[in-house]
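Enquirer: Sharing start-v1.tsv (TSV, C-alpha atoms) below.
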```tsv
chain	number	residue	atom	x	y	z
A	163	VAL	CA	165.85	130.74	135.56
A	164	LEU	CA	165.88	132.17	139.10
A	165	LEU	CA	169.12	132.08	141.14
A	166	LEU	CA	168.82	132.67	144.90
A	167	ASP	CA	171.83	133.01	147.22
A	168	GLU	CA	170.93	132.49	150.90
A	169	PRO	CA	167.56	134.22	150.38
A	170	THR	CA	166.21	133.64	153.91
A	171	ASN	CA	169.21	135.06	155.80
A	172	ASN	CA	167.98	137.89	158.04
A	173	LEU	CA	164.33	137.31	157.11
A	174	ASP	CA	161.80	136.96	159.91
A	175	LEU	CA	159.21	134.16	160.03
A	176	TYR	CA	156.58	136.16	158.17
A	177	ALA	CA	158.90	137.19	155.34
A	178	ARG	CA	160.14	133.58	155.08
A	179	ARG	CA	156.60	132.32	154.63
A	180	ARG	CA	156.03	134.78	151.78
A	181	LEU	CA	159.28	133.61	150.18
A	182	TYR	CA	158.26	129.95	150.56
A	183	ALA	CA	154.94	130.73	148.87
A	184	ALA	CA	156.74	132.52	146.03
A	185	VAL	CA	159.11	129.57	145.55
A	186	ALA	CA	156.23	127.08	145.59
A	187	GLY	CA	154.46	129.03	142.85
A	188	TRP	CA	157.55	129.71	140.69
A	189	PRO	CA	156.93	128.17	137.24
A	190	GLY	CA	160.52	128.19	135.96
A	191	VAL	CA	163.86	126.72	136.97
A	192	LEU	CA	165.09	127.59	140.46
A	193	VAL	CA	168.67	127.19	141.76
A	194	VAL	CA	169.09	128.08	145.42
A	195	VAL	CA	172.12	128.18	147.70
A	196	SER	CA	170.79	127.88	151.24
A	197	HIS	CA	171.12	126.42	154.72
A	198	ASP	CA	167.40	126.88	155.41
A	199	ARG	CA	166.04	123.39	155.95
A	200	GLU	CA	162.41	124.36	155.29
A	201	LEU	CA	163.34	125.91	151.98
A	202	LEU	CA	165.54	122.96	150.99
A	203	ASP	CA	162.66	120.58	151.68
A	204	MET	CA	160.84	122.28	148.77
A	205	VAL	CA	163.43	121.40	146.10
A	206	ASP	CA	163.58	118.44	143.67
A	207	GLN	CA	167.35	117.81	143.76
A	208	ILE	CA	170.29	118.53	146.05
A	209	ALA	CA	173.72	119.38	144.64
A	210	ASP	CA	176.24	118.75	147.42
A	211	LEU	CA	179.45	120.76	146.90
A	212	ARG	CA	182.32	119.16	148.80
A	213	ALA	CA	186.09	119.24	148.30
A	214	GLY	CA	185.71	120.95	144.95
A	215	GLU	CA	183.28	118.39	143.50
A	216	VAL	CA	179.50	118.26	143.16
A	217	ALA	CA	177.49	115.14	144.00
A	218	TRP	CA	173.82	114.99	142.97
A	219	TYR	CA	171.01	113.56	145.09
A	220	GLY	CA	167.41	113.16	143.97
A	221	GLY	CA	164.68	114.51	146.22
A	222	ASN	CA	164.55	117.20	148.90
A	223	TYR	CA	166.81	117.80	151.88
A	224	SER	CA	165.16	115.14	154.06
A	225	ALA	CA	165.74	112.55	151.32
A	226	TYR	CA	169.33	113.80	150.96
A	227	GLU	CA	169.94	113.30	154.70
A	228	GLU	CA	168.65	109.73	154.50
A	229	ALA	CA	170.81	108.97	151.45
A	230	LEU	CA	173.83	110.54	153.13
A	231	ALA	CA	173.32	108.46	156.27
A	232	VAL	CA	173.32	105.29	154.15
A	233	GLU	CA	176.46	106.46	152.32
A	234	GLN	CA	178.23	107.28	155.58
A	235	GLU	CA	177.38	103.92	157.09
A	236	ALA	CA	178.77	102.17	154.00
A	237	ALA	CA	181.88	104.39	154.05
A	238	GLU	CA	182.52	103.59	157.70
A	239	ARG	CA	182.16	99.85	156.98
A	240	THR	CA	184.68	100.23	154.16
A	241	VAL	CA	187.12	101.97	156.52
A	242	ARG	CA	186.81	99.14	159.06
A	243	ALA	CA	187.39	96.52	156.32
A	244	ALA	CA	190.38	98.49	154.98
A	245	GLU	CA	191.88	98.79	158.47
A	246	ALA	CA	191.50	95.03	158.95
A	247	ASP	CA	193.19	94.42	155.58
A	248	VAL	CA	196.13	96.67	156.53
A	249	ARG	CA	196.56	94.75	159.79
A	250	LYS	CA	196.42	91.44	157.87
A	251	GLN	CA	199.03	92.58	155.32
A	252	ARG	CA	201.32	93.77	158.12
A	253	ARG	CA	201.08	90.36	159.80
A	254	GLU	CA	201.76	88.53	156.54
A	255	LEU	CA	204.76	90.75	155.79
A	256	SER	CA	206.11	90.16	159.30
A	257	ASP	CA	205.54	86.38	159.00
A	258	ALA	CA	207.27	86.33	155.60
A	259	GLN	CA	210.27	88.23	156.99
A	260	MET	CA	210.56	85.77	159.89
A	261	LYS	CA	210.42	82.77	157.52
A	262	LEU	CA	213.02	84.30	155.23
A	263	ALA	CA	215.28	85.03	158.18
A	264	ARG	CA	215.02	81.38	159.30
A	265	ARG	CA	215.84	80.17	155.77
A	266	LYS	CA	218.82	82.50	155.64
A	267	ARG	CA	220.15	81.18	158.96
A	268	TYR	CA	219.64	77.56	157.78
A	269	GLY	CA	221.43	78.24	154.50
A	270	GLN	CA	224.34	79.87	156.29
A	271	LYS	CA	224.55	76.89	158.64
A	272	MET	CA	224.65	74.46	155.68
A	273	TYR	CA	227.30	76.63	153.99
A	274	ASP	CA	229.43	76.71	157.14
A	275	SER	CA	229.20	72.91	157.60
A	276	LYS	CA	230.16	72.36	153.91
A	277	ARG	CA	227.79	69.39	153.58
A	278	GLU	CA	227.39	70.02	149.82
A	279	PRO	CA	229.74	71.20	147.06
A	280	LYS	CA	230.44	74.95	147.22
A	281	ILE	CA	229.05	75.62	143.71
A	282	VAL	CA	225.73	73.90	144.61
A	283	MET	CA	225.39	75.81	147.85
A	284	GLY	CA	226.20	79.10	146.08
A	285	ALA	CA	223.50	78.45	143.47
A	286	ARG	CA	220.98	77.62	146.18
A	287	LYS	CA	221.90	80.77	148.10
A	288	ARG	CA	221.39	82.99	145.01
A	289	ALA	CA	218.05	81.29	144.23
A	290	ALA	CA	216.95	81.71	147.86
A	291	GLN	CA	217.91	85.41	147.83
A	292	GLU	CA	215.99	86.01	144.59
A	293	SER	CA	212.96	84.17	145.94
A	294	ALA	CA	213.19	86.07	149.24
A	295	GLY	CA	213.41	89.41	147.44
A	296	LYS	CA	210.36	88.69	145.28
A	297	HIS	CA	208.42	87.46	148.33
A	298	ARG	CA	209.27	90.55	150.35
A	299	ILE	CA	208.43	92.91	147.46
A	300	MET	CA	205.08	91.15	146.93
A	301	HIS	CA	204.06	91.60	150.58
A	302	GLU	CA	205.31	95.20	150.69
A	303	GLU	CA	203.26	96.01	147.58
A	304	ARG	CA	200.17	94.37	149.09
A	305	LEU	CA	200.64	96.43	152.27
A	306	ALA	CA	201.07	99.64	150.26
A	307	GLU	CA	197.90	98.86	148.26
A	308	ALA	CA	195.98	98.15	151.49
A	309	ARG	CA	197.13	101.48	152.95
A	310	GLU	CA	196.06	103.27	149.77
A	311	ARG	CA	192.60	101.69	149.95
A	312	LEU	CA	192.37	102.76	153.61
A	313	ASP	CA	193.28	106.36	152.71
A	314	GLU	CA	190.60	106.40	150.00
A	315	ALA	CA	188.04	104.94	152.41
A	316	VAL	CA	188.85	107.53	155.09
A	317	GLU	CA	188.48	110.33	152.51
A	318	ALA	CA	184.92	109.16	151.80
A	319	VAL	CA	183.88	109.59	155.45
A	320	ARG	CA	182.73	113.13	156.22
A	321	ASP	CA	184.54	114.95	158.99
A	322	ASP	CA	181.47	116.66	160.46
A	323	ASP	CA	182.38	115.99	164.09
A	324	GLU	CA	179.90	116.73	166.84
A	325	ILE	CA	180.59	118.83	169.91
A	326	ARG	CA	180.25	116.68	173.01
A	327	VAL	CA	181.21	118.47	176.21
A	328	ASP	CA	180.37	117.88	179.86
A	329	LEU	CA	178.91	121.05	181.43
A	330	PRO	CA	177.60	120.00	184.87
A	331	TYR	CA	178.14	123.42	186.47
A	332	THR	CA	175.59	125.00	184.11
A	333	ALA	CA	172.77	122.98	185.68
A	334	VAL	CA	169.77	124.83	187.14
A	335	PRO	CA	167.48	123.01	189.60
A	336	PRO	CA	163.83	122.74	188.53
A	337	GLY	CA	161.76	125.56	189.97
A	338	ARG	CA	164.70	127.85	190.72
A	339	ARG	CA	164.06	131.45	189.70
A	340	VAL	CA	166.37	132.35	186.82
A	341	LEU	CA	165.06	135.67	185.45
A	342	THR	CA	162.45	138.23	186.50
A	343	LEU	CA	160.95	140.76	184.09
A	344	GLU	CA	158.46	143.09	185.79
A	345	LYS	CA	156.64	146.02	184.18
A	346	LEU	CA	159.63	146.32	181.91
A	347	GLU	CA	159.98	148.99	179.24
A	348	THR	CA	163.00	148.88	176.94
A	349	VAL	CA	164.61	151.44	174.64
A	350	HIS	CA	162.83	151.10	171.27
A	351	GLY	CA	161.85	147.55	172.26
A	352	PRO	CA	158.99	145.53	173.72
A	353	ARG	CA	157.46	146.04	177.13
A	354	VAL	CA	156.43	143.44	179.67
A	355	GLU	CA	153.02	144.04	181.18
A	356	GLY	CA	152.93	142.73	184.73
A	357	LEU	CA	155.33	139.99	185.85
A	358	LEU	CA	157.16	137.42	183.72
A	359	ASP	CA	159.20	134.84	185.62
A	360	LEU	CA	161.58	132.25	184.17
A	361	ARG	CA	162.25	129.27	186.40
A	362	GLY	CA	164.45	126.18	186.19
A	363	PRO	CA	166.19	124.95	183.03
A	364	GLU	CA	163.55	126.37	180.67
A	365	ARG	CA	164.38	126.56	176.97
A	366	ILE	CA	162.69	129.64	175.57
A	367	ALA	CA	162.30	130.73	171.95
A	368	LEU	CA	161.95	134.48	171.46
A	369	VAL	CA	160.20	135.17	168.14
A	370	GLY	CA	158.68	138.14	166.36
A	371	ARG	CA	159.08	140.28	163.28
A	372	ASN	CA	162.37	141.95	162.40
A	373	GLY	CA	162.56	145.28	164.19
A	374	ALA	CA	160.18	144.18	166.94
A	375	GLY	CA	162.94	144.59	169.54
A	376	LYS	CA	164.15	141.05	170.28
A	377	THR	CA	167.83	142.05	170.28
A	378	THR	CA	167.06	145.11	172.42
A	379	LEU	CA	165.31	142.87	174.96
A	380	LEU	CA	168.25	140.44	175.08
A	381	ARG	CA	170.73	143.29	175.53
A	382	THR	CA	168.58	144.71	178.34
A	383	ILE	CA	168.49	141.31	180.09
A	384	ALA	CA	172.27	141.02	179.63
A	385	GLY	CA	172.78	144.41	181.27
A	386	GLU	CA	174.16	146.10	178.16
A	387	LEU	CA	171.17	148.48	178.00
A	388	ALA	CA	169.42	150.09	180.95
A	389	PRO	CA	165.62	149.68	181.03
A	390	VAL	CA	163.48	152.79	180.56
A	391	ALA	CA	161.27	151.54	183.38
A	392	GLY	CA	160.61	148.41	185.39
A	393	LEU	CA	162.88	145.51	186.28
A	394	ALA	CA	165.04	143.02	184.37
A	395	GLU	CA	166.91	140.94	186.93
A	396	ALA	CA	168.89	137.74	186.37
A	397	HIS	CA	169.25	135.55	189.47
A	398	VAL	CA	172.00	133.30	188.04
A	399	PRO	CA	175.25	133.90	186.07
A	400	LEU	CA	174.43	134.65	182.42
A	401	ARG	CA	176.23	135.06	179.12
A	402	PHE	CA	175.05	136.73	175.91
A	403	LEU	CA	176.16	135.72	172.41
A	404	PRO	CA	175.26	138.52	169.96
A	405	GLN	CA	174.86	138.11	166.21
A	406	ARG	CA	178.12	139.97	165.57
A	407	LEU	CA	180.14	137.44	167.65
A	408	ASP	CA	182.16	140.39	168.97
A	409	VAL	CA	182.90	138.63	172.25
A	410	LEU	CA	186.19	137.48	170.67
A	411	ASP	CA	189.44	139.45	170.48
A	412	ASP	CA	190.54	139.04	166.84
A	413	GLY	CA	194.20	139.59	167.74
A	414	ALA	CA	194.23	136.75	170.29
A	415	THR	CA	194.26	132.99	169.70
A	416	VAL	CA	191.27	130.76	170.35
A	417	ALA	CA	192.91	129.44	173.52
A	418	GLU	CA	193.71	132.98	174.73
A	419	ASN	CA	190.12	134.07	174.14
A	420	VAL	CA	188.74	131.19	176.19
A	421	ALA	CA	191.32	131.83	178.94
A	422	ARG	CA	190.03	135.43	179.23
A	423	PHE	CA	186.61	134.08	180.22
A	424	ALA	CA	188.09	131.45	182.56
A	425	PRO	CA	191.11	133.12	184.20
A	426	GLY	CA	191.32	130.44	186.89
A	427	ALA	CA	191.76	127.57	184.42
A	428	THR	CA	195.24	126.22	183.62
A	429	PRO	CA	196.43	126.30	179.97
A	430	ASN	CA	196.24	122.48	179.84
A	431	ARG	CA	192.67	122.52	181.11
A	432	VAL	CA	191.68	125.20	178.56
A	433	ARG	CA	193.15	123.15	175.72
A	434	ALA	CA	191.61	119.90	176.92
A	435	ARG	CA	188.16	121.49	177.02
A	436	LEU	CA	188.68	123.29	173.68
A	437	ALA	CA	189.41	119.92	172.07
A	438	ARG	CA	185.81	118.96	172.84
A	439	PHE	CA	184.76	121.99	170.78
A	440	LEU	CA	186.86	120.59	167.88
A	441	PHE	CA	189.81	122.97	168.42
A	442	ARG	CA	192.55	120.37	168.76
A	443	GLY	CA	196.31	120.95	168.76
A	444	LYS	CA	197.37	123.81	166.48
A	445	ARG	CA	193.75	124.80	165.82
A	446	ALA	CA	193.58	126.22	169.36
A	447	ASP	CA	196.51	128.52	168.44
A	448	GLN	CA	194.74	130.12	165.46
A	449	GLN	CA	194.06	133.82	165.78
A	450	ALA	CA	190.33	134.55	166.10
A	451	GLY	CA	190.55	137.00	163.20
A	452	THR	CA	191.57	134.17	160.80
A	453	LEU	CA	188.67	131.82	161.64
A	454	SER	CA	185.90	130.91	159.20
A	455	GLY	CA	182.31	131.84	160.08
A	456	GLY	CA	181.52	128.42	161.54
A	457	GLU	CA	184.84	128.23	163.43
A	458	ARG	CA	184.34	131.72	164.83
A	459	PHE	CA	180.89	130.83	166.10
A	460	ARG	CA	182.26	127.65	167.69
A	461	ALA	CA	185.07	129.60	169.39
A	462	ALA	CA	182.64	132.21	170.73
A	463	LEU	CA	180.31	129.49	172.00
A	464	ALA	CA	183.24	127.71	173.67
A	465	ALA	CA	184.35	130.95	175.36
A	466	LEU	CA	180.87	131.49	176.82
A	467	LEU	CA	180.09	127.90	177.83
A	468	LEU	CA	183.52	127.35	179.41
A	469	ALA	CA	183.45	130.69	181.24
A	470	GLU	CA	183.84	130.98	185.00
A	471	PRO	CA	181.45	131.17	186.73
A	472	ALA	CA	179.57	128.75	184.47
A	473	PRO	CA	176.59	130.46	182.79
A	474	GLN	CA	173.26	129.14	184.03
A	475	LEU	CA	171.37	131.43	181.66
A	476	LEU	CA	172.51	131.61	178.02
A	477	LEU	CA	171.16	134.25	175.61
A	478	LEU	CA	171.61	133.58	171.86
A	479	ASP	CA	170.65	136.11	169.20
A	480	GLU	CA	169.92	134.58	165.77
A	481	PRO	CA	172.61	131.91	166.30
A	482	THR	CA	172.08	130.04	163.01
A	483	ASN	CA	172.38	133.09	160.74
A	484	ASN	CA	175.26	132.52	158.31
A	485	LEU	CA	176.01	129.03	159.69
A	486	ASP	CA	176.26	126.04	157.36
A	487	MET	CA	174.44	122.78	158.07
A	488	ALA	CA	177.43	121.15	159.77
A	489	SER	CA	177.86	124.15	162.10
A	490	VAL	CA	174.14	124.18	162.96
A	491	HIS	CA	174.41	120.47	163.77
A	492	GLN	CA	177.44	121.16	165.98
A	493	LEU	CA	175.57	123.96	167.77
A	494	THR	CA	172.63	121.64	168.40
A	495	SER	CA	174.87	118.93	169.85
A	496	ALA	CA	176.63	121.49	172.11
A	497	LEU	CA	173.31	122.77	173.43
A	498	GLU	CA	172.25	119.20	174.22
A	499	SER	CA	175.06	119.20	176.82
A	500	TYR	CA	174.00	122.56	178.26
A	501	GLU	CA	171.95	122.10	181.44
A	502	GLY	CA	171.04	125.72	182.20
A	503	ALA	CA	168.21	128.01	181.07
A	504	LEU	CA	168.26	129.14	177.46
A	505	ILE	CA	166.70	132.07	175.59
A	506	VAL	CA	167.14	131.96	171.81
A	507	ALA	CA	165.93	134.73	169.51
A	508	GLY	CA	165.45	133.32	166.04
A	509	HIS	CA	163.38	132.56	162.96
A	510	ASP	CA	164.80	129.09	162.20
A	511	LEU	CA	161.90	126.90	163.36
A	512	PRO	CA	163.51	123.50	162.55
A	513	PHE	CA	166.53	124.53	164.66
A	514	LEU	CA	164.35	125.79	167.52
A	515	ASP	CA	162.38	122.53	167.46
A	516	SER	CA	165.61	120.50	167.47
A	517	ILE	CA	166.94	122.06	170.70
A	518	GLY	CA	163.87	121.15	172.75
A	519	ILE	CA	162.15	124.51	173.23
A	520	THR	CA	159.79	124.34	176.22
A	521	ARG	CA	158.27	127.82	176.03
A	522	TRP	CA	157.56	130.30	173.25
A	523	LEU	CA	157.61	134.08	173.82
A	524	LEU	CA	156.23	136.31	171.06
A	525	VAL	CA	156.99	140.00	170.57
A	526	ALA	CA	153.98	141.55	168.83
A	527	ASP	CA	152.53	145.08	168.87
A	528	GLY	CA	155.26	146.21	171.25
A	529	VAL	CA	154.41	143.64	173.94
A	530	LEU	CA	156.17	140.45	175.06
A	531	ARG	CA	153.77	137.61	175.80
A	532	ASP	CA	153.55	133.82	175.97
A	533	ALA	CA	152.52	132.01	172.78
A	534	THR	CA	152.01	128.45	171.57
A	535	ARG	CA	154.03	126.57	168.94
A	536	GLU	CA	150.87	126.33	166.80
A	537	GLU	CA	150.46	130.10	166.97
A	538	ILE	CA	154.01	130.62	165.76
A	539	GLY	CA	153.30	128.43	162.71
```
Can the structure from this file be put into structure tokens for me?
Expert:
Amino acid sequence: VLLLDEPTNNLDLYARRRLYAAVAGWPGVLVVVSHDRELLDMVDQIADLRAGEVAWYGGNYSAYEEALAVEQEAAERTVRAAEADVRKQRRELSDAQMKLARRKRYGQKMYDSKREPKIVMGARKRAAQESAGKHRIMHEERLAEARERLDEAVEAVRDDDEIRVDLPYTAVPPGRRVLTLEKLETVHGPRVEGLLDLRGPERIALVGRNGAGKTTLLRTIAGELAPVAGLAEAHVPLRFLPQRLDVLDDGATVAENVARFAPGATPNRVRARLARFLFRGKRADQQAGTLSGGERFRAALAALLLAEPAPQLLLLDEPTNNLDMASVHQLTSALESYEGALIVAGHDLPFLDSIGITRWLLVADGVLRDATREEIG
């Protein structure tokens, strides 16, 4: 029995392929905890751990996604039916209360007019009160049961919200020069032979072996490291999100961190925009140091994307490392709203494919050069 815990974290493409080959040829039982989609597409069953319980799904990750989509659709239908039932029970309870009130007024009127013997009217009044009480209790119980069914139905729907945010100021016109790398030599990193121009809203994947110098190149473009020789010049506002996510001040709240990057924004505007990144209400007042890994990444991404001036070039270094599937999905949906140029260093090919990469740059043998998706593998 082989137990693997996030085995592809921090592995480059080449090491991942060797691991995939080893897994494919493993003759025994394999249990793997992972967020690597390629690896999870090699398994026979998925055990989904959620809210302290495990649900089993036959097949690989792709089959699991399909089954989950069917489950979610059914759960959402159940919620809609339960909401309709609650509304119906409320109406029926209200109607019953109105009818009982009318009966009570009629009975009081008959009692006041003394049209029947007092003992008869008293008996009728007691019977009416008993009947009214039972009727009211019955409708209240039905409403309570309907609310309970609604709560159960809502619990079955996953709360994996997507980030949907309008970022028009990040737009880069087609053909506009974004970044120039010319005869560039970096500290312990790759060199650029000749001229490499990035224009318009290109989406670039930066790939290569671990230690090839991808992070060094990104830090040089961001201005954190000076080039040994040559030129690295950005022609638009840029932001860099490192693997360490150290752009956040752990002692400040999420809202305060975002406000640091957008000093001209009002507190209300900061909070309204943070809500689109799923930090609503009190969540925006959490200290950055208390956030989970996925929340911290979301807060750092919000700080950069909501910065002033708006970044028209975004540099991401291994953004999916240590993120769960829901967080990766949220990152993908956020980047769909981003209209600027994008350079992503990474080894997660399914993620890179999902964000619409338009150009592949490979660091190999100390040189940065253009490559094809087929060449990457």
Enquirer: If you count all atoms listed in the file, which residues fall within 9 Å of Pro512 in chain A, apart from same-chain ones fewer than 3 positions away, as a JSON list (two decimals) with C-alpha atoms, in the coordinates of the input?
Expert:
```
[["chain", "number", "residue", "atom", "x", "y", "z"],
["A", 198, "ASP", "CA", 167.40, 126.88, 155.41],
["A", 199, "ARG", "CA", 166.04, 123.39, 155.95],
["A", 200, "GLU", "CA", 162.41, 124.36, 155.29],
["A", 515, "ASP", "CA", 162.38, 122.53, 167.46],
["A", 516, "SER", "CA", 165.61, 120.50, 167.47],
["A", 517, "ILE", "CA", 166.94, 122.06, 170.70]]
```
Enquirer: If I take CA of Leu403 in chain A and CA of Val349 in chain A, how far is one from the other in Å, to one decimal?
Expert: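 One can read the CA of Leu403 in chain A to CA of Val349 in chain A distance as 19.6 Å.
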Enquirer: For a quick check of understanding, using all atoms listed in the file, which of A:Thr377, A:Asn430, A:Gln474, A:Asn222 has the smallest distance to Pro335 in chain A?
Expert: A:Gln474
Enquirer: Name the residues in contact with Glu310 in chain A at a cut-off of 12 Å, using only C-alpha atoms, excluding same-chain residues fewer than 5 positions from it; report them as a PDB file with C-alpha atoms, in the coordinates of the input.
Expert:
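part-v1.pdb, freshly written:
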```pdb
ATOM      1  CA  VAL A 241     187.120 101.970 156.520  1.00  0.00           C
ATOM      2  CA  ALA A 244     190.380  98.490 154.980  1.00  0.00           C
ATOM      3  CA  GLU A 245     191.880  98.790 158.470  1.00  0.00           C
ATOM      4  CA  ASP A 247     193.190  94.420 155.580  1.00  0.00           C
ATOM      5  CA  VAL A 248     196.130  96.670 156.530  1.00  0.00           C
ATOM      6  CA  GLU A 303     203.260  96.010 147.580  1.00  0.00           C
ATOM      7  CA  ARG A 304     200.170  94.370 149.090  1.00  0.00           C
ATOM      8  CA  LEU A 305     200.640  96.430 152.270  1.00  0.00           C
ATOM      9  CA  ALA A 315     188.040 104.940 152.410  1.00  0.00           C
ATOM     10  CA  VAL A 316     188.850 107.530 155.090  1.00  0.00           C
ATOM     11  CA  GLU A 317     188.480 110.330 152.510  1.00  0.00           C
TER      12      GLU A 317
END
```
Enquirer: Could you check which of A:Val409, A:Asp510, A:Leu368, A:Leu329 is closest to Asn172 in chain A, using all atoms listed in the file?
Expert: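 Closest residue, counting all atoms listed in the file: A:Asp510.
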Enquirer: Could you please determine the separation between CA of Glu344 in chain A and CA of Leu466 in chain A in Å, to one decimal place?
Expert: 26.8 Å
Enquirer: Counting only C-alpha atoms, I want the residues whose atoms come within 10 Å of (166.4, 125.7, 166.9) in the file frame, returned as a count of residues only.
Expert: 22
